[in-house]
Amino acid sequence: MKPARLRADVLAGLTTSFALVPECIAFALVAHLNPLMGLYGAFIICTLTALFGGRPGMVSGAAGSMAVVIVALVVEHGVQYLLATVLLGGVIMIAFGVLRLGKLVRMVPYPVMLGFVNGLAIIIALAQLEHFKTGEDWLGGIPLYLMLGLVALTMAIVYLLPRLTRAVPPALVAILSVGLLVYLLGLPTRTLGDMAHIAGGLPTLALPQVPWDLETLKVIAPYAVLMALVGLLETLLTLNLTDEITESRGYPDRECVALGAANIVSGAFGGMGGCAMIGQTVINLSSGGRGRLSGVIAGVMTLLFVLFLSPLIERIPLAALVGVMFVVAQQTFAWGSLRVAGKVPLNDVLVIGAVTVITVFTDLATAVLCGIVIAALNFAWHHARELYADSHVEADGSKLYQLHGTLFFASTTPFLNQFDPADDPHQVTLDCRHLSFVDYSAIAALKTLRERYAKAGKHLRVIHLSERCKKLLKRAGEQH
């Protein structure tokens with residue numbers, strides 16, 4: 001590795017580690033867990049996926065989307081059941097990768113991808129507002145003005161420093177500069193130590209203390225499936241985004257296997273489950289991290305913070321971290337999606353908006369699923385309208401129909417409406433040279449058409465079926 005590349009990855013990893021710590025602590029607290037579980041999970045998952053995953057430069061850790069999924073499990077059954085769920089979720093992720101299902105992310109339309117990015121950007125920004133509270137009350141007076149001032153200073157450094165130099169990541173300079181300023185001036189502002197004390201030892205191997213029986217499986221299986229699906233979905237979409245930013249190609253199936261293995265190790269060592277984190281990934285990439293080393297540094301530094309550097313890390317002002325995350329939210333949001341309104345089909349604009357809103361108010365899996373359904377229904381509607389027929393009477397008095405388009409569930413009615421069994425001549429030919437049969441609805445429509453002509457005492461002949469269509473009809477027991 002070239003010295004310049006090595007230096008860029010090390011600095012990017014260090015910068016990312018500062019952003020990993022507060023996020024993982026916050027997500028652990030959301031899930032009613034010890035903050036160290038979030039940090040151990042971040043160390044293990046970030047390091048292992050960086051070493052063995054299919055997308056260098058992408059950062060994984062104890063993600064908020066997965067924390068939300070397991071809150072009810074932790075409250076009802078306790079931490080040990082969560083660790084068992086993380087183990088099972090990891091197995092499901094590995095199976096997903098081994099079966100090479102990562103390619104299914106290609107089914108996610110681009111408008112859904114934009115909605116996903118926008119929704120997560122809004123969530124990142126809204127999550128920072130919690131740092132402007134003390135308990136349930138908002139900050140006011142001097143503490144609020146000081147917090148706002150330090151956040152603004154942090155953001156100004158991040159935006160302006162690249163105009164002076166690109167030798168160091170601006171986010172790292174901003175965090176260290178604001179932290180040093182607060183320390184030297186003794187400014188009374190909240191620090192990372194106010195969230196939680198992060199000093200601890202090395203994670204230890206211990207299998208979850210749960211009954212290994214069918215009853216336990218019934219409890220953890222639904223949460224494990226949901227955790228795996230949410231984690232894989234966020235990871236694969238973040239992988240796509242990373243591919244776009246770096247203009248390179250990752251390997252989704254390898255990433256799924258690595259993520260599953262990392263979750264199993266995390267669960268075995270008392271850590272939270274996790275997946276790709278879009279905010280930290282954007283920080284890493286914008287700081288120059290492109291190789292595996294950047295993710296390894298981020299993960300290892302997280303553990304070093306716990307073991308040796310907690311007194312220093314706990315002094316970092318929350319305002320500095322909030323400022324960096326506000327910049328990340330701004331950089332993550334696809335502002336171009338606001339400018340396409342009026343330039344792209346209205347349905348695509350609606351999909352972007354719907355996925356954004358659903359992501360913010362529910363969860364990522366629901367949002368992406370809704371987006372795919374909306375996009376698929378829209379595609380089916382427009383594709384069904386493209387089916388049409390050319391018809392003419394032959395010299396021998398028979399009638400020839402030439403169908404163009406795709407015959408599937410949404411186009412069966414337009415297909416049947418092309419024909420007139422009552423007034424057509426005795427002999428009718430259906431030319432399927434330019435017609436594609438897709439599903440059982442297409443077979444049923446052809447059967448219905450034959451029955452209508454038979455009922456009218458007329459004969460329908462079907463010609464030029466493709467080999468695929470013939471196999472489809474033969475499998476369904478229809479004669480062609």
# chains A, B, ... in the order shown; residues from 1 in each chain; ligands from 1
call {"tool": "residues_around", "arguments": {"residues": "Ile70 in chain A", "least_positions_apart": "6", "cutoff": "9 Å", "atoms": "only C-alpha atoms", "output": "list in words"}}
result
Ala31, Leu82, Thr85, Tyr223, Ala224 and Met227 of chain A
call {"tool": "closest_atom_pairs", "arguments": {"of": "range 59-99 of chain A", "to": "range 5-26 of chain A", "cutoff": "10 Å", "atoms": "only C-alpha atoms", "output": "JSON lines"}}
result
{"residue": "A:Val59", "atom": "CA", "partner": "A:Thr16", "partner_atom": "CA", "distance": 8.4}
{"residue": "A:Ser60", "atom": "CA", "partner": "A:Leu20", "partner_atom": "CA", "distance": 9.3}
{"residue": "A:Gly61", "atom": "CA", "partner": "A:Cys24", "partner_atom": "CA", "distance": 7.4}
{"residue": "A:Ala62", "atom": "CA", "partner": "A:Cys24", "partner_atom": "CA", "distance": 5.5}
{"residue": "A:Ala63", "atom": "CA", "partner": "A:Cys24", "partner_atom": "CA", "distance": 7.0}
{"residue": "A:Gly64", "atom": "CA", "partner": "A:Cys24", "partner_atom": "CA", "distance": 7.9}
{"residue": "A:Ala67", "atom": "CA", "partner": "A:Cys24", "partner_atom": "CA", "distance": 9.6}
call {"tool": "residues_around", "arguments": {"residues": "range 32-35 of chain A", "least_positions_apart": "2", "cutoff": "8 Å", "atoms": "only C-alpha atoms", "output": "list of chain:residue names"}}
result
A:Cys24, A:Ile25, A:Ala26, A:Ala28, A:Leu29, A:Val30, A:Met37, A:Gly38, A:Leu39, A:Val71, A:Val74, A:Val75, A:Val79, A:Ala196, A:Ile198
call {"tool": "select_by_dssp", "arguments": {"residues": "range 100-306 of chain A", "states": "strand (DSSP E)", "output": "VMD selection string"}}
result
chain A and resid 133 to 134 137 to 138 275 to 276
call {"tool": "residues_around", "arguments": {"residues": "range 423-436 of chain A", "least_positions_apart": "2", "cutoff": "9 Å", "atoms": "only C-alpha atoms", "output": "ChimeraX atom specification"}}
result
/A:387,393,397-408,419-421,438,442,453,456-466,468-469
call {"tool": "closest_residue", "arguments": {"among": "A:Ser286, A:Gln209, A:Asn263, A:Ser441", "to": "Met66 in chain A", "atoms": "only C-alpha atoms"}}
result
A:Asn263
call {"tool": "select_by_dssp", "arguments": {"residues": "range 125-252 of chain A", "states": "helix (DSSP H, G or I)", "output": "number ranges by chain"}}
result
A: 125-132, 141-164, 170-185, 192-195, 214-246, 252
call {"tool": "residues_around", "arguments": {"residues": "range 303-315 of chain A", "least_positions_apart": "2", "cutoff": "8 Å", "atoms": "only C-alpha atoms", "output": "ChimeraX atom specification"}}
result
/A:39-40,43,179,183,191-194,197-202,299-301,317
call {"tool": "write_last_selection", "arguments": {"atoms": "C-alpha atoms", "output": "short mmCIF file (atom, residue, chain, number, x, y, z; two decimals), in the first residue's frame"}}
result
data_model
loop_
_atom_site.label_atom_id
_atom_site.label_comp_id
_atom_site.auth_asym_id
_atom_site.auth_seq_id
_atom_site.Cartn_x
_atom_site.Cartn_y
_atom_site.Cartn_z
CA LEU A 39 -19.13 -0.48 21.85
CA TYR A 40 -18.10 -4.15 21.88
CA PHE A 43 -15.48 -3.05 17.59
CA GLY A 179 -12.50 19.65 22.21
CA TYR A 183 -10.81 22.14 27.67
CA THR A 191 -19.34 15.92 26.96
CA LEU A 192 -19.39 12.29 25.85
CA GLY A 193 -18.84 11.29 29.48
CA ASP A 194 -22.25 12.75 30.31
CA HIS A 197 -18.82 6.02 31.16
CA ILE A 198 -17.12 3.80 28.60
CA ALA A 199 -14.21 2.37 30.57
CA GLY A 200 -14.16 -1.42 30.45
CA GLY A 201 -12.10 -4.52 29.81
CA LEU A 202 -11.76 -6.89 26.89
CA GLY A 299 -13.05 -0.72 14.97
CA VAL A 300 -9.77 -1.17 16.86
CA MET A 301 -9.77 2.45 18.05
CA PRO A 317 -17.80 17.84 23.68
#
call {"tool": "closest_residue", "arguments": {"among": "A:Pro208, A:Gly57, A:Pro143, A:Gly115", "to": "Leu237 in chain A", "atoms": "only C-alpha atoms"}}
result
A:Gly115
call {"tool": "closest_residue", "arguments": {"among": "A:Ser411, A:Thr366, A:Thr204, A:Gln418", "to": "His382 in chain A", "atoms": "only C-alpha atoms"}}
result
A:Ser411
call {"tool": "residues_around", "arguments": {"residues": "range 87-89 of chain A", "least_positions_apart": "5", "cutoff": "9 Å", "atoms": "only C-alpha atoms", "output": "JSON, numbers by chain"}}
result
{"A": [82, 94, 220, 221, 223, 224, 225, 226, 227, 228, 229, 260, 261, 263, 264, 265, 266, 267, 268, 273]}
call {"tool": "residues_around", "arguments": {"residues": "Gly353 in chain A", "least_positions_apart": "3", "cutoff": "10 Å", "atoms": "only C-alpha atoms", "output": "PyMOL selection string"}}
result
chain A and resi 111-112+114-116+118-119+337-338+347-350+356-359+371
call {"tool": "write_last_selection", "arguments": {"atoms": "C-alpha atoms", "output": "CSV table (one decimal), in the first residue's frame"}}
result
chain,number,residue,atom,x,y,z
A,111,PRO,CA,-36.3,6.3,-6.5
A,112,VAL,CA,-36.6,3.9,-3.5
A,114,LEU,CA,-33.1,8.0,-3.0
A,115,GLY,CA,-35.9,7.8,-0.5
A,116,PHE,CA,-33.9,5.5,1.7
A,118,ASN,CA,-33.1,10.9,2.4
A,119,GLY,CA,-35.0,9.2,5.2
A,337,SER,CA,-33.9,14.4,-5.7
A,338,LEU,CA,-35.6,17.8,-4.9
A,347,ASN,CA,-44.9,8.4,-9.7
A,348,ASP,CA,-41.2,8.4,-9.2
A,349,VAL,CA,-41.4,11.6,-7.2
A,350,LEU,CA,-44.2,10.1,-5.1
A,356,THR,CA,-38.5,9.1,2.8
A,357,VAL,CA,-41.5,9.7,5.1
A,358,ILE,CA,-42.0,6.0,5.9
A,359,THR,CA,-38.3,5.6,6.8
A,371,GLY,CA,-41.4,1.7,-2.1
